[in-house]
Amino acid sequence: MKAAVIESVGRAVVTEVPDPTPGPREVVVEVAACGLCGTDLHILQGEFAPKLPLVPGHEFAGTVVEAGARVTEVSTGDRVAVDPSLHCHECRYCRTGHGNLCERWAAIGVTTAGGAARYALAPVANCVRLPEHVRTQDAALIEPLSCAVRGYDVLRARLGAHVLVYGSGTMGLMMLELAKRTGAASVDVVDLNPARLETARRLGVTGAAANADELDRPQGWDLVVDATGNAAAIQDGLERVAKAGTFLQFGVADYATRVAVDPYRIYNQEITITGSMAVLHSFERAAELFANGVLDPDVFISDRIPLERYPQALEQFAAGVGRKIVVVP
């Protein structure tokens, strides 16, 4: 079958690889669409993936075309979205309900072959059936939405909170949509990309600007979310948190990224700094929210690019052009 392969650091190609064969509790999914994510860029840069070459792609949906001998939950022809999480269920973190922090953490498309291919292998337990009205290609958005839902689980947002989001790419816009639906009193967005800011305005924000100084909230924001992973944005965001507020590190920063923290201010103003790592008990809820229209796929997905052009799609994504880019086998 044809698949995108990250062969080595900095090099992605499209080539032929063997078709997957399901184990007793696995299914083969014919991929309808696979989203590109910042994690894919990290893998390209030599981070995250334990070894290369690797077929990337952890945001995908498709149709079951083959099922293992002990699969009863889905059938051939069922359309599914796939949770890429592969937890050991045995380590201390799994046993205490933190599978996303598993000591043997793994994920489809990150540590094992993923959905940037015609076919992908997945445990049946990771597959969620799609209702009839959801387009299969659009359902590649469910995985990133499940990460955003996890982020809001961490925030434990209160009704009437004032929210500031750094970044209006896919994840920032998803956090914007969830903020609107969790009773925020205001939602502001900061981004240096005018086109992305315009999309945020289209979705409905209180304020959108290239710099938080342009927004009228000198006392700060109750919830500040970084969805960029950029050091300058993170540093600025930490300084915008109101007293008793929370800063969420949601964007994936490079390993070497460093920022300065003011310990006295954290103590004196009771500021919480926290993070949100991937998916945790949130995929099914995200699938339901998606089916109920929490996101407009036609707004979020800006480009549908043939799998044959995966390297070019990665370049476009790295350049910050567009919103969610999906490749279509």
# chains A, B, ... in the order shown; residues from 1 in each chain; ligands from 1
$ select_by_dssp --residues "range 129-298 of chain A" --states "strand (DSSP E)" --output "VMD selection string"
chain A and resid 129 162 to 166 186 to 190 207 to 209 221 to 226 241 to 249 272 to 275
$ closest_atom_pairs --of "range 48-109 of chain A" --to "range 312-329 of chain A" --cutoff "10 Å" --atoms "only C-alpha atoms" --output "CSV"
residue,atom,partner,partner_atom,distance
A:Gly57,CA,A:Val327,CA,9.5
A:Glu59,CA,A:Val326,CA,8.9
A:Phe60,CA,A:Val326,CA,8.9
$ closest_residue --among "A:Ile234, A:Pro24, A:Ser186, A:Gly62" --to "Arg118 in chain A" --atoms "only C-alpha atoms"
A:Gly62
$ residues_around --residues "range 235-239 of chain A" --least-positions-apart "5" --cutoff "12 Å" --atoms "only C-alpha atoms" --output "MDAnalysis selection string"
chainID A and resid 163:167 189:191 211:213 218:230 245:250 257:263 265:266 269 271:274
$ residues_around --residues "range 77-93 of chain A" --least-positions-apart "3" --cutoff "8 Å" --atoms "only C-alpha atoms" --output "ChimeraX atom specification"
/A:58-65,74,96-109,122,126-130,136,139-140,142-143,279,283
$ write_last_selection --atoms "N, CA and C atoms" --output "short mmCIF file (atom, residue, chain, number, x, y, z; two decimals), in the first residue's frame"
data_model
loop_
_atom_site.label_atom_id
_atom_site.label_comp_id
_atom_site.auth_asym_id
_atom_site.auth_seq_id
_atom_site.Cartn_x
_atom_site.Cartn_y
_atom_site.Cartn_z
N HIS A 58 -1.63 10.54 13.55
CA HIS A 58 -2.40 10.07 14.71
C HIS A 58 -3.80 10.67 14.74
N GLU A 59 -4.15 11.47 13.74
CA GLU A 59 -5.50 12.04 13.66
C GLU A 59 -6.17 11.47 12.41
N PHE A 60 -6.94 10.40 12.55
CA PHE A 60 -7.52 9.83 11.33
C PHE A 60 -8.84 9.13 11.61
N ALA A 61 -9.57 8.96 10.53
CA ALA A 61 -10.84 8.25 10.56
C ALA A 61 -10.99 7.51 9.24
N GLY A 62 -11.82 6.49 9.24
CA GLY A 62 -11.99 5.72 8.02
C GLY A 62 -13.01 4.61 8.19
N THR A 63 -12.90 3.61 7.34
CA THR A 63 -13.86 2.51 7.30
C THR A 63 -13.16 1.19 7.62
N VAL A 64 -13.76 0.39 8.50
CA VAL A 64 -13.20 -0.91 8.84
C VAL A 64 -13.32 -1.83 7.62
N VAL A 65 -12.18 -2.38 7.19
CA VAL A 65 -12.19 -3.29 6.03
C VAL A 65 -11.77 -4.70 6.39
N VAL A 74 -17.17 -3.98 16.32
CA VAL A 74 -17.40 -3.32 15.03
C VAL A 74 -17.36 -4.37 13.94
N THR A 96 -3.40 4.74 38.29
CA THR A 96 -3.99 5.87 39.03
C THR A 96 -4.81 6.78 38.11
N GLY A 97 -5.14 6.29 36.91
CA GLY A 97 -6.03 7.04 36.02
C GLY A 97 -5.35 8.06 35.14
N HIS A 98 -4.02 7.98 35.02
CA HIS A 98 -3.28 8.94 34.20
C HIS A 98 -2.57 8.23 33.05
N GLY A 99 -3.36 7.51 32.26
CA GLY A 99 -2.79 6.74 31.16
C GLY A 99 -2.03 7.57 30.15
N ASN A 100 -2.40 8.85 30.03
CA ASN A 100 -1.67 9.72 29.09
C ASN A 100 -0.23 9.95 29.54
N LEU A 101 0.08 9.63 30.79
CA LEU A 101 1.44 9.76 31.32
C LEU A 101 2.10 8.40 31.50
N CYS A 102 1.57 7.40 30.84
CA CYS A 102 2.03 6.02 30.94
C CYS A 102 3.55 5.91 30.82
N GLU A 103 4.13 5.11 31.69
CA GLU A 103 5.59 4.92 31.65
C GLU A 103 6.04 4.24 30.37
N ARG A 104 5.12 3.55 29.70
CA ARG A 104 5.43 2.92 28.40
C ARG A 104 4.59 3.58 27.31
N TRP A 105 4.42 4.89 27.44
CA TRP A 105 3.52 5.64 26.55
C TRP A 105 3.83 5.34 25.08
N ALA A 106 2.77 5.10 24.33
CA ALA A 106 2.89 4.86 22.89
C ALA A 106 1.63 5.40 22.22
N ALA A 107 1.71 5.59 20.91
CA ALA A 107 0.55 6.10 20.18
C ALA A 107 0.66 5.73 18.71
N ILE A 108 -0.48 5.40 18.13
CA ILE A 108 -0.54 5.16 16.68
C ILE A 108 -0.09 6.42 15.96
N GLY A 109 0.83 6.29 15.04
CA GLY A 109 1.31 7.45 14.29
C GLY A 109 2.43 8.21 14.96
N ALA A 122 -5.45 -0.63 14.08
CA ALA A 122 -5.85 -0.04 15.36
C ALA A 122 -6.49 -1.09 16.25
N ASN A 126 -9.99 1.17 20.52
CA ASN A 126 -9.69 2.56 20.21
C ASN A 126 -10.59 3.13 19.13
N CYS A 127 -11.53 2.35 18.65
CA CYS A 127 -12.39 2.78 17.54
C CYS A 127 -13.76 3.22 18.04
N VAL A 128 -14.18 4.38 17.58
CA VAL A 128 -15.50 4.91 17.93
C VAL A 128 -16.32 5.05 16.66
N ARG A 129 -17.48 4.39 16.62
CA ARG A 129 -18.33 4.46 15.44
C ARG A 129 -18.84 5.89 15.19
N LEU A 130 -18.98 6.22 13.93
CA LEU A 130 -19.48 7.53 13.54
C LEU A 130 -20.95 7.45 13.19
N THR A 136 -16.99 11.06 6.99
CA THR A 136 -15.81 10.34 7.49
C THR A 136 -14.55 11.19 7.39
N ALA A 139 -14.15 13.57 10.24
CA ALA A 139 -13.96 12.98 11.57
C ALA A 139 -12.50 12.90 11.99
N ALA A 140 -11.57 13.24 11.09
CA ALA A 140 -10.17 13.36 11.50
C ALA A 140 -10.00 14.48 12.54
N ILE A 142 -11.76 14.75 15.21
CA ILE A 142 -12.17 14.30 16.54
C ILE A 142 -10.97 14.14 17.47
N GLU A 143 -9.85 13.63 16.96
CA GLU A 143 -8.69 13.44 17.84
C GLU A 143 -8.17 14.77 18.40
N VAL A 279 -4.59 12.95 24.98
CA VAL A 279 -5.97 12.51 25.20
C VAL A 279 -6.06 11.74 26.51
N PHE A 283 -11.92 11.03 24.38
CA PHE A 283 -12.16 10.79 22.95
C PHE A 283 -13.64 10.57 22.66
#
$ residues_around --residues "Ser146 in chain A" --least-positions-apart "2" --cutoff "9 Å" --atoms "only C-alpha atoms" --output "ChimeraX atom specification"
/A:83,141-144,148-151,278-287
$ closest_residue --among "A:Ser8, A:Thr199, A:Thr170, A:Thr72" --to "Ile301 in chain A" --atoms "only C-alpha atoms"
A:Thr170
$ select_by_dssp --residues "range 50-177 of chain A" --states "alpha helix (DSSP H)" --output "PyMOL selection string"
chain A and resi 92-95+142-155+170-177
$ residues_around --residues "Arg11 in chain A" --least-positions-apart "3" --cutoff "10 Å" --atoms "only C-alpha atoms" --output "list in words"
Val5, Ile6, Glu7, Ser8, Leu44, Gln45, Pro53 and Pro311 of chain A
$ atom_distance --atom1 "CA of Glu73 in chain A" --atom2 "CA of Val124 in chain A"
7.2 Å
